[in-house]
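input.cif follows; it contains mmCIF, N, CA and C atoms.
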```
data_protein
#
loop_
_atom_site.group_PDB
_atom_site.id
_atom_site.type_symbol
_atom_site.label_atom_id
_atom_site.label_comp_id
_atom_site.auth_asym_id
_atom_site.auth_seq_id
_atom_site.Cartn_x
_atom_site.Cartn_y
_atom_site.Cartn_z
ATOM 1 N N MET A 1 -73.485 -13.191 -30.448
ATOM 2 C CA MET A 1 -74.349 -14.299 -30.774
ATOM 3 C C MET A 1 -75.803 -13.930 -30.445
ATOM 4 N N ILE A 2 -76.704 -14.259 -31.327
ATOM 5 C CA ILE A 2 -78.119 -13.960 -31.148
ATOM 6 C C ILE A 2 -78.743 -14.985 -30.200
ATOM 7 N N ASN A 3 -79.440 -14.490 -29.191
ATOM 8 C CA ASN A 3 -80.149 -15.338 -28.233
ATOM 9 C C ASN A 3 -81.523 -15.660 -28.835
ATOM 10 N N ARG A 4 -81.699 -16.893 -29.251
ATOM 11 C CA ARG A 4 -82.951 -17.281 -29.923
ATOM 12 C C ARG A 4 -84.164 -17.177 -29.007
ATOM 13 N N LYS A 5 -83.978 -17.471 -27.737
ATOM 14 C CA LYS A 5 -85.087 -17.358 -26.772
ATOM 15 C C LYS A 5 -85.532 -15.907 -26.659
ATOM 16 N N LEU A 6 -84.567 -15.002 -26.605
ATOM 17 C CA LEU A 6 -84.888 -13.578 -26.529
ATOM 18 C C LEU A 6 -85.622 -13.119 -27.782
ATOM 19 N N VAL A 7 -85.168 -13.557 -28.925
ATOM 20 C CA VAL A 7 -85.843 -13.210 -30.188
ATOM 21 C C VAL A 7 -87.261 -13.770 -30.192
ATOM 22 N N SER A 8 -87.418 -14.981 -29.687
ATOM 23 C CA SER A 8 -88.746 -15.587 -29.594
ATOM 24 C C SER A 8 -89.657 -14.778 -28.668
ATOM 25 N N ASP A 9 -89.106 -14.316 -27.554
ATOM 26 C CA ASP A 9 -89.895 -13.483 -26.632
ATOM 27 C C ASP A 9 -90.289 -12.163 -27.285
ATOM 28 N N PHE A 10 -89.367 -11.563 -28.029
ATOM 29 C CA PHE A 10 -89.698 -10.336 -28.753
ATOM 30 C C PHE A 10 -90.797 -10.604 -29.780
ATOM 31 N N ALA A 11 -90.681 -11.696 -30.511
ATOM 32 C CA ALA A 11 -91.697 -12.030 -31.522
ATOM 33 C C ALA A 11 -93.059 -12.212 -30.866
ATOM 34 N N ASN A 12 -93.071 -12.857 -29.712
ATOM 35 C CA ASN A 12 -94.322 -13.093 -28.991
ATOM 36 C C ASN A 12 -94.971 -11.780 -28.577
ATOM 37 N N ILE A 13 -94.208 -10.904 -27.954
ATOM 38 C CA ILE A 13 -94.790 -9.648 -27.469
ATOM 39 C C ILE A 13 -95.193 -8.751 -28.641
ATOM 40 N N ILE A 14 -94.388 -8.724 -29.688
ATOM 41 C CA ILE A 14 -94.724 -7.907 -30.860
ATOM 42 C C ILE A 14 -96.019 -8.409 -31.495
ATOM 43 N N GLY A 15 -96.168 -9.716 -31.599
ATOM 44 C CA GLY A 15 -97.405 -10.275 -32.139
ATOM 45 C C GLY A 15 -98.607 -9.939 -31.282
ATOM 46 N N ASN A 16 -98.453 -10.064 -29.968
ATOM 47 C CA ASN A 16 -99.560 -9.741 -29.066
ATOM 48 C C ASN A 16 -99.931 -8.263 -29.118
ATOM 49 N N ILE A 17 -98.927 -7.407 -29.224
ATOM 50 C CA ILE A 17 -99.223 -5.971 -29.315
ATOM 51 C C ILE A 17 -99.937 -5.667 -30.621
ATOM 52 N N ARG A 18 -99.520 -6.297 -31.697
ATOM 53 C CA ARG A 18 -100.203 -6.078 -32.983
ATOM 54 C C ARG A 18 -101.646 -6.550 -32.916
ATOM 55 N N ILE A 19 -101.888 -7.646 -32.245
ATOM 56 C CA ILE A 19 -103.263 -8.115 -32.056
ATOM 57 C C ILE A 19 -104.050 -7.098 -31.242
ATOM 58 N N ALA A 20 -103.466 -6.632 -30.147
ATOM 59 C CA ALA A 20 -104.144 -5.660 -29.275
ATOM 60 C C ALA A 20 -104.478 -4.380 -30.041
ATOM 61 N N ILE A 21 -103.565 -3.932 -30.869
ATOM 62 C CA ILE A 21 -103.788 -2.717 -31.655
ATOM 63 C C ILE A 21 -104.969 -2.892 -32.610
ATOM 64 N N SER A 22 -105.146 -4.090 -33.113
ATOM 65 C CA SER A 22 -106.202 -4.326 -34.100
ATOM 66 C C SER A 22 -107.586 -4.529 -33.481
ATOM 67 N N LEU A 23 -107.661 -4.730 -32.174
ATOM 68 C CA LEU A 23 -108.949 -4.998 -31.526
ATOM 69 C C LEU A 23 -109.699 -3.701 -31.219
ATOM 70 N N ASP A 24 -110.943 -3.635 -31.642
ATOM 71 C CA ASP A 24 -111.774 -2.465 -31.351
ATOM 72 C C ASP A 24 -111.976 -2.284 -29.849
ATOM 73 N N SER A 25 -112.043 -3.382 -29.128
ATOM 74 C CA SER A 25 -112.286 -3.300 -27.689
ATOM 75 C C SER A 25 -111.116 -2.682 -26.932
ATOM 76 N N LEU A 26 -109.946 -2.618 -27.551
ATOM 77 C CA LEU A 26 -108.766 -2.035 -26.894
ATOM 78 C C LEU A 26 -108.349 -0.719 -27.547
ATOM 79 N N LYS A 27 -109.263 -0.105 -28.278
ATOM 80 C CA LYS A 27 -108.908 1.113 -29.010
ATOM 81 C C LYS A 27 -108.491 2.267 -28.107
ATOM 82 N N THR A 28 -108.882 2.239 -26.840
ATOM 83 C CA THR A 28 -108.501 3.328 -25.924
ATOM 84 C C THR A 28 -107.005 3.323 -25.617
ATOM 85 N N VAL A 29 -106.349 2.192 -25.827
ATOM 86 C CA VAL A 29 -104.915 2.093 -25.544
ATOM 87 C C VAL A 29 -104.092 1.874 -26.817
ATOM 88 N N LYS A 30 -104.720 2.006 -27.952
ATOM 89 C CA LYS A 30 -104.062 1.753 -29.237
ATOM 90 C C LYS A 30 -102.806 2.601 -29.410
ATOM 91 N N ASP A 31 -102.890 3.891 -29.146
ATOM 92 C CA ASP A 31 -101.744 4.783 -29.331
ATOM 93 C C ASP A 31 -100.576 4.395 -28.419
ATOM 94 N N ASP A 32 -100.889 4.036 -27.193
ATOM 95 C CA ASP A 32 -99.837 3.613 -26.262
ATOM 96 C C ASP A 32 -99.167 2.334 -26.755
ATOM 97 N N TYR A 33 -99.971 1.378 -27.190
ATOM 98 C CA TYR A 33 -99.399 0.136 -27.702
ATOM 99 C C TYR A 33 -98.584 0.371 -28.977
ATOM 100 N N GLU A 34 -99.014 1.291 -29.819
ATOM 101 C CA GLU A 34 -98.247 1.592 -31.031
ATOM 102 C C GLU A 34 -96.891 2.189 -30.677
ATOM 103 N N MET A 35 -96.847 3.032 -29.655
ATOM 104 C CA MET A 35 -95.580 3.609 -29.211
ATOM 105 C C MET A 35 -94.644 2.512 -28.699
ATOM 106 N N VAL A 36 -95.182 1.602 -27.893
ATOM 107 C CA VAL A 36 -94.380 0.492 -27.364
ATOM 108 C C VAL A 36 -93.903 -0.395 -28.516
ATOM 109 N N LEU A 37 -94.787 -0.698 -29.440
ATOM 110 C CA LEU A 37 -94.429 -1.526 -30.583
ATOM 111 C C LEU A 37 -93.272 -0.912 -31.363
ATOM 112 N N ASN A 38 -93.357 0.362 -31.649
ATOM 113 C CA ASN A 38 -92.294 1.030 -32.402
ATOM 114 C C ASN A 38 -90.962 0.971 -31.660
ATOM 115 N N GLU A 39 -90.996 1.142 -30.362
ATOM 116 C CA GLU A 39 -89.771 1.077 -29.567
ATOM 117 C C GLU A 39 -89.189 -0.338 -29.571
ATOM 118 N N LEU A 40 -90.041 -1.339 -29.405
ATOM 119 C CA LEU A 40 -89.563 -2.729 -29.411
ATOM 120 C C LEU A 40 -88.994 -3.114 -30.778
ATOM 121 N N LEU A 41 -89.621 -2.676 -31.840
ATOM 122 C CA LEU A 41 -89.103 -2.948 -33.175
ATOM 123 C C LEU A 41 -87.739 -2.297 -33.375
ATOM 124 N N LYS A 42 -87.570 -1.118 -32.836
ATOM 125 C CA LYS A 42 -86.273 -0.436 -32.899
ATOM 126 C C LYS A 42 -85.216 -1.255 -32.151
ATOM 127 N N TRP A 43 -85.584 -1.784 -30.983
ATOM 128 C CA TRP A 43 -84.652 -2.601 -30.203
ATOM 129 C C TRP A 43 -84.255 -3.870 -30.956
ATOM 130 N N VAL A 44 -85.236 -4.538 -31.543
ATOM 131 C CA VAL A 44 -84.958 -5.783 -32.269
ATOM 132 C C VAL A 44 -84.058 -5.510 -33.465
ATOM 133 N N ASN A 45 -84.336 -4.453 -34.194
ATOM 134 C CA ASN A 45 -83.486 -4.068 -35.324
ATOM 135 C C ASN A 45 -82.052 -3.854 -34.866
ATOM 136 N N TYR A 46 -81.902 -3.113 -33.804
ATOM 137 C CA TYR A 46 -80.574 -2.835 -33.249
ATOM 138 C C TYR A 46 -79.893 -4.139 -32.832
ATOM 139 N N TYR A 47 -80.645 -5.028 -32.231
ATOM 140 C CA TYR A 47 -80.104 -6.305 -31.774
ATOM 141 C C TYR A 47 -79.548 -7.122 -32.937
ATOM 142 N N TYR A 48 -80.276 -7.191 -34.019
ATOM 143 C CA TYR A 48 -79.806 -7.933 -35.187
ATOM 144 C C TYR A 48 -78.577 -7.285 -35.822
ATOM 145 N N GLU A 49 -78.548 -5.967 -35.830
ATOM 146 C CA GLU A 49 -77.428 -5.267 -36.451
ATOM 147 C C GLU A 49 -76.170 -5.278 -35.584
ATOM 148 N N ASN A 50 -76.333 -5.211 -34.256
ATOM 149 C CA ASN A 50 -75.194 -5.029 -33.364
ATOM 150 C C ASN A 50 -74.911 -6.194 -32.425
ATOM 151 N N LYS A 51 -75.788 -7.172 -32.413
ATOM 152 C CA LYS A 51 -75.641 -8.360 -31.550
ATOM 153 C C LYS A 51 -75.639 -8.023 -30.062
ATOM 154 N N ASN A 52 -76.211 -6.880 -29.722
ATOM 155 C CA ASN A 52 -76.375 -6.487 -28.318
ATOM 156 C C ASN A 52 -77.569 -5.547 -28.213
ATOM 157 N N LEU A 53 -77.935 -5.250 -26.993
ATOM 158 C CA LEU A 53 -79.071 -4.349 -26.760
ATOM 159 C C LEU A 53 -78.647 -3.131 -25.943
ATOM 160 N N ASP A 54 -77.469 -2.623 -26.255
ATOM 161 C CA ASP A 54 -76.960 -1.442 -25.551
ATOM 162 C C ASP A 54 -77.822 -0.211 -25.789
ATOM 163 N N ILE A 55 -78.687 -0.270 -26.757
ATOM 164 C CA ILE A 55 -79.594 0.840 -27.069
ATOM 165 C C ILE A 55 -80.602 1.080 -25.935
ATOM 166 N N ILE A 56 -80.857 0.051 -25.150
ATOM 167 C CA ILE A 56 -81.887 0.128 -24.105
ATOM 168 C C ILE A 56 -81.296 0.721 -22.840
ATOM 169 N N THR A 57 -81.866 1.847 -22.430
ATOM 170 C CA THR A 57 -81.443 2.453 -21.173
ATOM 171 C C THR A 57 -82.419 2.045 -20.067
ATOM 172 N N HIS A 58 -81.962 2.195 -18.855
ATOM 173 C CA HIS A 58 -82.823 1.883 -17.713
ATOM 174 C C HIS A 58 -84.078 2.755 -17.748
ATOM 175 N N ASP A 59 -83.908 4.026 -18.058
ATOM 176 C CA ASP A 59 -85.054 4.945 -18.101
ATOM 177 C C ASP A 59 -86.069 4.549 -19.175
ATOM 178 N N ASP A 60 -85.569 4.183 -20.364
ATOM 179 C CA ASP A 60 -86.477 3.746 -21.442
ATOM 180 C C ASP A 60 -87.232 2.486 -21.032
ATOM 181 N N SER A 61 -86.497 1.556 -20.461
ATOM 182 C CA SER A 61 -87.082 0.294 -20.024
ATOM 183 C C SER A 61 -88.158 0.527 -18.973
ATOM 184 N N LEU A 62 -87.852 1.365 -18.012
ATOM 185 C CA LEU A 62 -88.796 1.658 -16.930
ATOM 186 C C LEU A 62 -90.022 2.404 -17.450
ATOM 187 N N LYS A 63 -89.811 3.317 -18.369
ATOM 188 C CA LYS A 63 -90.925 4.073 -18.953
ATOM 189 C C LYS A 63 -91.921 3.123 -19.632
ATOM 190 N N ILE A 64 -91.396 2.191 -20.408
ATOM 191 C CA ILE A 64 -92.263 1.236 -21.100
ATOM 192 C C ILE A 64 -92.945 0.312 -20.094
ATOM 193 N N HIS A 65 -92.198 -0.149 -19.107
ATOM 194 C CA HIS A 65 -92.797 -1.020 -18.090
ATOM 195 C C HIS A 65 -93.951 -0.312 -17.388
ATOM 196 N N ASN A 66 -93.734 0.922 -16.984
ATOM 197 C CA ASN A 66 -94.779 1.674 -16.281
ATOM 198 C C ASN A 66 -95.999 1.884 -17.169
ATOM 199 N N LEU A 67 -95.775 2.142 -18.446
ATOM 200 C CA LEU A 67 -96.888 2.323 -19.376
ATOM 201 C C LEU A 67 -97.664 1.021 -19.545
ATOM 202 N N LEU A 68 -96.966 -0.094 -19.737
ATOM 203 C CA LEU A 68 -97.636 -1.383 -19.883
ATOM 204 C C LEU A 68 -98.375 -1.772 -18.611
ATOM 205 N N ASP A 69 -97.807 -1.437 -17.465
ATOM 206 C CA ASP A 69 -98.465 -1.715 -16.187
ATOM 207 C C ASP A 69 -99.738 -0.880 -16.037
ATOM 208 N N LYS A 70 -99.664 0.371 -16.440
ATOM 209 C CA LYS A 70 -100.833 1.262 -16.391
ATOM 210 C C LYS A 70 -101.939 0.751 -17.317
ATOM 211 N N ILE A 71 -101.561 0.335 -18.518
ATOM 212 C CA ILE A 71 -102.533 -0.202 -19.471
ATOM 213 C C ILE A 71 -103.205 -1.439 -18.884
ATOM 214 N N ARG A 72 -102.399 -2.336 -18.355
ATOM 215 C CA ARG A 72 -102.954 -3.559 -17.777
ATOM 216 C C ARG A 72 -103.904 -3.243 -16.635
ATOM 217 N N ASP A 73 -103.519 -2.311 -15.774
ATOM 218 C CA ASP A 73 -104.393 -1.932 -14.658
ATOM 219 C C ASP A 73 -105.719 -1.368 -15.146
ATOM 220 N N GLU A 74 -105.690 -0.622 -16.243
ATOM 221 C CA GLU A 74 -106.919 -0.063 -16.810
ATOM 222 C C GLU A 74 -107.815 -1.148 -17.394
ATOM 223 N N LEU A 75 -107.214 -2.149 -18.001
ATOM 224 C CA LEU A 75 -107.980 -3.125 -18.777
ATOM 225 C C LEU A 75 -108.356 -4.392 -18.027
ATOM 226 N N ILE A 76 -107.515 -4.835 -17.123
ATOM 227 C CA ILE A 76 -107.667 -6.173 -16.554
ATOM 228 C C ILE A 76 -109.000 -6.360 -15.816
ATOM 229 N N PHE A 77 -109.495 -5.313 -15.198
ATOM 230 C CA PHE A 77 -110.737 -5.435 -14.437
ATOM 231 C C PHE A 77 -111.939 -4.821 -15.145
ATOM 232 N N ASN A 78 -111.759 -4.453 -16.412
ATOM 233 C CA ASN A 78 -112.841 -3.870 -17.187
ATOM 234 C C ASN A 78 -113.711 -4.993 -17.740
ATOM 235 N N ARG A 79 -114.866 -5.186 -17.152
ATOM 236 C CA ARG A 79 -115.758 -6.287 -17.543
ATOM 237 C C ARG A 79 -116.340 -6.103 -18.935
ATOM 238 N N GLN A 80 -116.345 -4.894 -19.435
ATOM 239 C CA GLN A 80 -116.896 -4.646 -20.762
ATOM 240 C C GLN A 80 -115.979 -5.162 -21.865
ATOM 241 N N ILE A 81 -114.711 -5.327 -21.559
ATOM 242 C CA ILE A 81 -113.752 -5.759 -22.566
ATOM 243 C C ILE A 81 -113.757 -7.270 -22.731
ATOM 244 N N GLY A 82 -113.855 -7.991 -21.673
ATOM 245 C CA GLY A 82 -113.851 -9.448 -21.755
ATOM 246 C C GLY A 82 -112.444 -10.013 -21.733
ATOM 247 N N MET A 83 -112.271 -11.136 -22.406
ATOM 248 C CA MET A 83 -111.002 -11.863 -22.377
ATOM 249 C C MET A 83 -109.849 -11.106 -23.029
ATOM 250 N N GLU A 84 -110.158 -10.123 -23.861
ATOM 251 C CA GLU A 84 -109.097 -9.351 -24.496
ATOM 252 C C GLU A 84 -108.220 -8.660 -23.460
ATOM 253 N N SER A 85 -108.784 -8.387 -22.289
ATOM 254 C CA SER A 85 -107.999 -7.727 -21.247
ATOM 255 C C SER A 85 -106.839 -8.591 -20.781
ATOM 256 N N MET A 86 -106.971 -9.912 -20.920
ATOM 257 C CA MET A 86 -105.881 -10.810 -20.530
ATOM 258 C C MET A 86 -104.660 -10.624 -21.430
ATOM 259 N N LEU A 87 -104.885 -10.128 -22.620
ATOM 260 C CA LEU A 87 -103.791 -9.855 -23.540
ATOM 261 C C LEU A 87 -102.845 -8.816 -22.946
ATOM 262 N N SER A 88 -103.395 -7.815 -22.288
ATOM 263 C CA SER A 88 -102.561 -6.778 -21.674
ATOM 264 C C SER A 88 -101.689 -7.360 -20.567
ATOM 265 N N ASP A 89 -102.217 -8.322 -19.842
ATOM 266 C CA ASP A 89 -101.452 -8.983 -18.793
ATOM 267 C C ASP A 89 -100.312 -9.795 -19.399
ATOM 268 N N ASP A 90 -100.604 -10.514 -20.463
ATOM 269 C CA ASP A 90 -99.570 -11.315 -21.120
ATOM 270 C C ASP A 90 -98.472 -10.430 -21.709
ATOM 271 N N ILE A 91 -98.847 -9.297 -22.267
ATOM 272 C CA ILE A 91 -97.858 -8.368 -22.833
ATOM 273 C C ILE A 91 -96.920 -7.879 -21.734
ATOM 274 N N LEU A 92 -97.464 -7.503 -20.603
ATOM 275 C CA LEU A 92 -96.630 -7.032 -19.500
ATOM 276 C C LEU A 92 -95.709 -8.138 -18.994
ATOM 277 N N ILE A 93 -96.231 -9.324 -18.826
ATOM 278 C CA ILE A 93 -95.414 -10.446 -18.343
ATOM 279 C C ILE A 93 -94.288 -10.741 -19.325
ATOM 280 N N ARG A 94 -94.591 -10.785 -20.599
ATOM 281 C CA ARG A 94 -93.563 -11.067 -21.611
ATOM 282 C C ARG A 94 -92.512 -9.963 -21.619
ATOM 283 N N TYR A 95 -92.932 -8.718 -21.432
ATOM 284 C CA TYR A 95 -91.976 -7.608 -21.384
ATOM 285 C C TYR A 95 -91.030 -7.781 -20.193
ATOM 286 N N GLU A 96 -91.582 -8.168 -19.054
ATOM 287 C CA GLU A 96 -90.747 -8.374 -17.870
ATOM 288 C C GLU A 96 -89.735 -9.494 -18.098
ATOM 289 N N VAL A 97 -90.137 -10.549 -18.801
ATOM 290 C CA VAL A 97 -89.228 -11.650 -19.131
ATOM 291 C C VAL A 97 -88.093 -11.138 -20.025
ATOM 292 N N ILE A 98 -88.432 -10.332 -21.005
ATOM 293 C CA ILE A 98 -87.427 -9.778 -21.918
ATOM 294 C C ILE A 98 -86.419 -8.937 -21.150
ATOM 295 N N ILE A 99 -86.900 -8.057 -20.303
ATOM 296 C CA ILE A 99 -86.002 -7.174 -19.550
ATOM 297 C C ILE A 99 -85.124 -7.986 -18.606
ATOM 298 N N LYS A 100 -85.676 -9.011 -17.987
ATOM 299 C CA LYS A 100 -84.864 -9.864 -17.111
ATOM 300 C C LYS A 100 -83.761 -10.554 -17.910
ATOM 301 N N THR A 101 -84.099 -11.065 -19.078
ATOM 302 C CA THR A 101 -83.103 -11.709 -19.939
ATOM 303 C C THR A 101 -82.007 -10.735 -20.336
ATOM 304 N N ILE A 102 -82.398 -9.532 -20.708
ATOM 305 C CA ILE A 102 -81.425 -8.509 -21.095
ATOM 306 C C ILE A 102 -80.510 -8.185 -19.920
ATOM 307 N N ASN A 103 -81.078 -8.002 -18.755
ATOM 308 C CA ASN A 103 -80.279 -7.698 -17.566
ATOM 309 C C ASN A 103 -79.331 -8.836 -17.218
ATOM 310 N N ASP A 104 -79.804 -10.070 -17.365
ATOM 311 C CA ASP A 104 -78.949 -11.236 -17.101
ATOM 312 C C ASP A 104 -77.790 -11.293 -18.084
ATOM 313 N N GLU A 105 -78.051 -11.024 -19.363
ATOM 314 C CA GLU A 105 -76.996 -11.037 -20.363
ATOM 315 C C GLU A 105 -75.972 -9.935 -20.108
ATOM 316 N N ARG A 106 -76.435 -8.790 -19.670
ATOM 317 C CA ARG A 106 -75.518 -7.680 -19.386
ATOM 318 C C ARG A 106 -74.614 -7.981 -18.197
ATOM 319 N N SER A 107 -75.128 -8.705 -17.246
ATOM 320 C CA SER A 107 -74.328 -9.018 -16.053
ATOM 321 C C SER A 107 -73.294 -10.106 -16.323
ATOM 322 N N ASN A 108 -73.454 -10.851 -17.410
ATOM 323 C CA ASN A 108 -72.484 -11.917 -17.749
ATOM 324 C C ASN A 108 -71.283 -11.388 -18.452
#
```
Could the structure of this file be written out as C-alpha cells, please?
Amino acid sequence: MINRKLVSDFANIIGNIRIAISLDSLKTVKDDYEMVLNELLKWVNYYYENKNLDIITHDDSLKIHNLLDKIRDELIFNRQIGMESMLSDDILIRYEVIIKTINDERSN
C-alpha cells in the first residue's frame, strides 16, 4: 500500500530541490542538489513500482544526509544568499522526516 504522507513528503522535497537548483544564488551547490534529486526520483519510482523502499540502503541514506547537512552548513549562515539559504534547511528537515518514516515502516 502506498503511504500518501510519504509521497507528499517526497513531492515536497523534490519541489524544493528543483527550486534550489534553479536559483542563481545557490549555483555553488547545484550539482550536489541534482545528484540528490536524481537519487530521490529513483527511490520514488521504485516505490511506485514495488510498493516498498528496499532500494534504500543505510549507506545511501547516510551519504545523502551528510551531503544535505554539509550544504545547509555552507548556506545557512551565508549572508550574501539571503532567505534562499532557509531552503537548504527545509530540504534537510524534510529528508530527515522521510528517512524516519521509512525506518518506521520497515520496523512494522
Hits of the PyMOL selection byres (((chain A and resi 96 and name CA) around 12) and name CA) in this structure, as a ChimeraX atom specification: /A:6,9-10,13,61-62,64-66,68-69,89-95,97-103
- Shortest interatomic distance to A:Asp32 - which of A:Tyr47, A:Leu67, A:Gln80, A:Asp54, counting all atoms listed in the file: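 Checking each of A:Tyr47, A:Leu67, A:Gln80, A:Asp54 against A:Asp32, counting all atoms listed in the file, the winner is A:Leu67.
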Handout entry: Output check: residues returned by the PyMOL selection byres ((chain A and resi 34-41) around 8), as a PyMOL selection string
Key = chain A and resi 10+13-14+17-18+20-21+29-33+42-47+64
Could you please take those selected residues and save N, CA and C atoms as a tab-separated table (two decimals), keeping the file's coordinate frame?
```
chain	number	residue	atom	x	y	z
A	10	PHE	N	-89.37	-11.56	-28.03
A	10	PHE	CA	-89.70	-10.34	-28.75
A	10	PHE	C	-90.80	-10.60	-29.78
A	13	ILE	N	-94.21	-10.90	-27.95
A	13	ILE	CA	-94.79	-9.65	-27.47
A	13	ILE	C	-95.19	-8.75	-28.64
A	14	ILE	N	-94.39	-8.72	-29.69
A	14	ILE	CA	-94.72	-7.91	-30.86
A	14	ILE	C	-96.02	-8.41	-31.50
A	17	ILE	N	-98.93	-7.41	-29.22
A	17	ILE	CA	-99.22	-5.97	-29.32
A	17	ILE	C	-99.94	-5.67	-30.62
A	18	ARG	N	-99.52	-6.30	-31.70
A	18	ARG	CA	-100.20	-6.08	-32.98
A	18	ARG	C	-101.65	-6.55	-32.92
A	20	ALA	N	-103.47	-6.63	-30.15
A	20	ALA	CA	-104.14	-5.66	-29.28
A	20	ALA	C	-104.48	-4.38	-30.04
A	21	ILE	N	-103.56	-3.93	-30.87
A	21	ILE	CA	-103.79	-2.72	-31.66
A	21	ILE	C	-104.97	-2.89	-32.61
A	29	VAL	N	-106.35	2.19	-25.83
A	29	VAL	CA	-104.92	2.09	-25.54
A	29	VAL	C	-104.09	1.87	-26.82
A	30	LYS	N	-104.72	2.01	-27.95
A	30	LYS	CA	-104.06	1.75	-29.24
A	30	LYS	C	-102.81	2.60	-29.41
A	31	ASP	N	-102.89	3.89	-29.15
A	31	ASP	CA	-101.74	4.78	-29.33
A	31	ASP	C	-100.58	4.39	-28.42
A	32	ASP	N	-100.89	4.04	-27.19
A	32	ASP	CA	-99.84	3.61	-26.26
A	32	ASP	C	-99.17	2.33	-26.76
A	33	TYR	N	-99.97	1.38	-27.19
A	33	TYR	CA	-99.40	0.14	-27.70
A	33	TYR	C	-98.58	0.37	-28.98
A	42	LYS	N	-87.57	-1.12	-32.84
A	42	LYS	CA	-86.27	-0.44	-32.90
A	42	LYS	C	-85.22	-1.25	-32.15
A	43	TRP	N	-85.58	-1.78	-30.98
A	43	TRP	CA	-84.65	-2.60	-30.20
A	43	TRP	C	-84.26	-3.87	-30.96
A	44	VAL	N	-85.24	-4.54	-31.54
A	44	VAL	CA	-84.96	-5.78	-32.27
A	44	VAL	C	-84.06	-5.51	-33.47
A	45	ASN	N	-84.34	-4.45	-34.19
A	45	ASN	CA	-83.49	-4.07	-35.32
A	45	ASN	C	-82.05	-3.85	-34.87
A	46	TYR	N	-81.90	-3.11	-33.80
A	46	TYR	CA	-80.57	-2.84	-33.25
A	46	TYR	C	-79.89	-4.14	-32.83
A	47	TYR	N	-80.64	-5.03	-32.23
A	47	TYR	CA	-80.10	-6.30	-31.77
A	47	TYR	C	-79.55	-7.12	-32.94
A	64	ILE	N	-91.40	2.19	-20.41
A	64	ILE	CA	-92.26	1.24	-21.10
A	64	ILE	C	-92.94	0.31	-20.09
```
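Distances to A:Met83 were evaluated for A:His58, A:Leu26, A:Tyr48, A:Ser107 using only C-alpha atoms, and the minimum falls at A:Leu26.
Coordinates place atom CA of A:Asn16 at a distance of 21.3 Å from atom CA of A:Leu53.
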**Study point:** Expected answer as a ChimeraX atom specification: alpha helix (DSSP H) residues in chain A
**Key:** /A:4-22,30-50,58-76,85-107
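Taking atom CA of A:Thr28 and atom CA of A:Asp59 as the two end points, the separation is 24.8 Å.
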Between atom CA of A:Ile19 and atom N of A:Asn3 lies a distance of 24.8 Å
* Asked: Nearest to A:Asn52 among A:Glu84, A:Asn108, A:Ile2, A:Arg72, with distances taken over only C-alpha atoms: which residue is it?
  ->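 Closest candidate: A:Ile2.
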Exercise on stretch 66-85 of chain A, axis-aligned box with 5 Å per side, report centre and edge lengths in Å to one decimal, as JSON:
```
{"center_x": -105.3, "center_y": -4.8, "center_z": -19.5, "size_x": 33.2, "size_y": 24.2, "size_z": 20.1}
```
